[in-house]
Amino acid sequence: MPVTRILTCVKFVPDTADEVEFAADHTIGRPAAGSMLSELDEYAVEQALQLRDALPGSTVSVLTVGPEQAEGALRKALQMGADEAYLVTDDAIACSDVFGTVRVLTAAALTVPDVVVVLCGMSSTDGEMGVLPALLAGGLGWPLLSLAATLTVTEAGLRIERTDEVGTRTVEATLPAVVSVTDRSGEARYPTFKDVMAAKKKTVTRLDLAALGVAPAEVGAVAARVQVRDITRNPDRPPGRVVVDHEGSSVDELVAFLTAR
Amino acid sequence: MSDIVIIGAGVIGVATAHALTARGITDITILDRDSVGSGGTGKSAGIVRCHYGVTSVAALALASLEFFENAEAELGQDIGFEQVGYLVGVGPENVEPFRASLANQRSLGVDTREIGHDEVAAMWPTAYLDDFATFCFEPRGGYGDGYATAQALATSLKAKGVTIRQGAKVTEIVVDGDKVTGVRLADGEVVPAGLVVVAAGAWSVPLVSPLGITLPIQPIWVQEVLIDPAVDLGAPPVFSDLVSKQYVHLRGGEMLFGNSSGEGAMTPIDDPDVYPSRATNETVELVVEKAMHRFPGIEDPRLATTATGVIDTTPDNNPIVSATGYAGLFIAAGMSGHGFKIAPALGRLMADIMLDGDTTLPHVVASEFRLSRYDDGEPLVSPFVYHGATGIR
């Protein structure tokens, strides 16, 4: 059985539970402590691990693009059970727009040998654009199975179910293919102790633009066609209204409040 | 005007108010920038024990234990106290100070006894115990729920006529010469008061610094790791493991692990509001290594989640419960991680100091907690020093 790779793209994002900090150039701060594997990407890692069981001879690789500390996202995926990881890091990549990021990921997916499936989460939890899987499929020239709630192996390739307000669509594609999975695809597993310890010995391969054959001018701020012009924080929510009860007086007040809504 | 304003509706603030009401004083306003128990209280691991080397602190813990045991009857509400017992294990290097501390604790009335490996193996059959020299067991210990306790006390206080204002951030303590007259809130409102207690944890520091009062309180970021044992472990006692320097207890079927010293245990931070809400990979790996060593009988444990919080630590790892150079201004802060388990009695100590300048709590020397002890070169430290442990015993 030939070795095949399931490549899962993940992102190192600020913890959604913490206060987000923006730099003067409108980039989002990603401190080593306080950032994490995007929760939506955990679903993709989970589906990759399940797919590995369904595809004999396959292995799961995880890939991210980012600064050195982005290794934190890869380590978490390795703890969950991924076999190996790739970190593409290069100063020239900083401030890339989604096209720049996709350029790098496309090159990486073609550089890592034997990739038959690229798995992605449905969106990042910081940028929240949700367009990357489609652009990546376009870049690779591979079919896209987007927003999968279920993922199964068929004779010819992969089958997904996509559920929306209308109903459920069953969609199939041949391999190689790009798949994005939703947060309805199944809870991500807890890492076992054995996997946590094993992850310490797993390899994280570092790649730069030269290794991928990508010119610095193709990525980063110089190539960015999308620019964040301004960031305005939402105003603080006004404090809640407290209704004080005096022997049942609050009932009318509550009814009036609810009626007004 | 309230006679008394307490800044901070954490477990220390509400316990102080509770003690004041027990002495017939109800003209109290508690102010919190957020809500009851929203600071350190809500994040406490909630361990309840009396195993302290400092006599006054052990005595506070014992008096607090009596409160925890009777709170449901007294307050009419469940405070979440689970009396599963408290177990300490030490290595050979600590047997001598350990036994001396136990003798001291027993002399104060603490129910604690040295037990052997067999008894511990029956309590924690999944644990590896060969690297411990000896153990002690407090049957009355266990763990509680800081948030539930603060809420229950707050509810009881309101029924007694105490005012609790949430979302009321104090920005300034107002003084007239060397006498406190009230506090100013973020919206400019002044709440007048004859007595003001600062019980705001690490956030106390900037409240009193404009008055020239320096609180030697360092915010420390603490990380905890929750583990799913994937099997039912029953209700074993809280386990303080002084060999691996960790504590563990079961909560809702999950095991909560904390590092009591060493890497990943205590990280000083600048701002008590700015710290990551999840543990680092390094801490997770460290906890997993320690847990695998200590609990080989748990076949396939999994990492569930992590939690972090901040504790307000003083140079001697003991609280500041003190008058100040300003008449009517008092401090109850710098709990150093002990806050929850000693809060009920510490509230009483604060109330006693406010009203009498001293306390009638048995075996508690009020002056040992004074702020000036650091300048006086009289830090509050245990005479029973454990090797390799932080000064929290």
# chains A, B, ... in the order shown; residues from 1 in each chain; ligands from 1
$ interface_residues --of "chain A" --to "chain B" --cutoff "7 Å" --atoms "only C-alpha atoms" --output "list in words"
Ala17, Asp18, Ala33, Gly34, Tyr190, Pro191, Thr192, Phe193 and Val196 of chain A
$ select_by_dssp --residues "stretch 59-103 of chain B" --states "strand (DSSP E)" --output "ChimeraX atom specification"
/B:86-90
$ write_last_selection --atoms "C-alpha atoms" --output "JSON list (two decimals), in the first residue's frame"
[["chain", "number", "residue", "atom", "x", "y", "z"],
["B", 86, "TYR", "CA", -7.28, 16.01, 52.49],
["B", 87, "LEU", "CA", -4.15, 13.96, 52.04],
["B", 88, "VAL", "CA", -0.52, 15.10, 52.06],
["B", 89, "GLY", "CA", 2.40, 12.94, 50.98],
["B", 90, "VAL", "CA", 6.05, 13.87, 51.59]]
$ select_by_dssp --residues "stretch 119-187 of chain A" --states "alpha helix (DSSP H)" --output "list of chain:residue names"
A:Leu132, A:Pro133, A:Ala134, A:Leu135, A:Leu136, A:Ala137, A:Gly138, A:Gly139, A:Leu140
$ closest_residue --among "B:Leu108, B:Ile28, B:Ser372, B:Gly339" --to "B:Gly325" --atoms "only C-alpha atoms"
B:Ser372
$ residues_around --residues "B:Gly309" --least-positions-apart "4" --cutoff "6 Å" --atoms "only C-alpha atoms" --output "short mmCIF file (atom, residue, chain, number, x, y, z; two decimals) with C-alpha atoms, in the first residue's frame"
data_model
loop_
_atom_site.label_atom_id
_atom_site.label_comp_id
_atom_site.auth_asym_id
_atom_site.auth_seq_id
_atom_site.Cartn_x
_atom_site.Cartn_y
_atom_site.Cartn_z
CA LYS B 43 -11.21 30.78 39.85
CA TRP B 221 -0.36 33.67 36.91
CA VAL B 222 -1.33 30.13 37.90
#
$ residues_around --residues "stretch 77-85 of chain B" --least-positions-apart "3" --cutoff "10 Å" --atoms "only C-alpha atoms" --output "number ranges by chain"
B: 46-49, 65, 68-69, 71-74, 137-153, 155-156, 235-239, 249-251
$ atom_distance --atom1 "atom CA of A:Ala24" --atom2 "atom CA of A:Leu74"
27.5 Å
$ residues_around --residues "stretch 50-62 of chain A" --least-positions-apart "4" --cutoff "9 Å" --atoms "only C-alpha atoms" --output "ChimeraX atom specification"
/A:1-10,45-46,74,77-78,81-87,151-153
$ residues_around --residues "stretch 96-113 of chain A" --least-positions-apart "4" --cutoff "7 Å" --atoms "only C-alpha atoms" --output "count of residues only"
13
$ closest_residue --among "B:Ile220, B:Gly334, B:Ala323, B:Thr55" --to "B:Asp352" --atoms "only C-alpha atoms"
B:Ala323
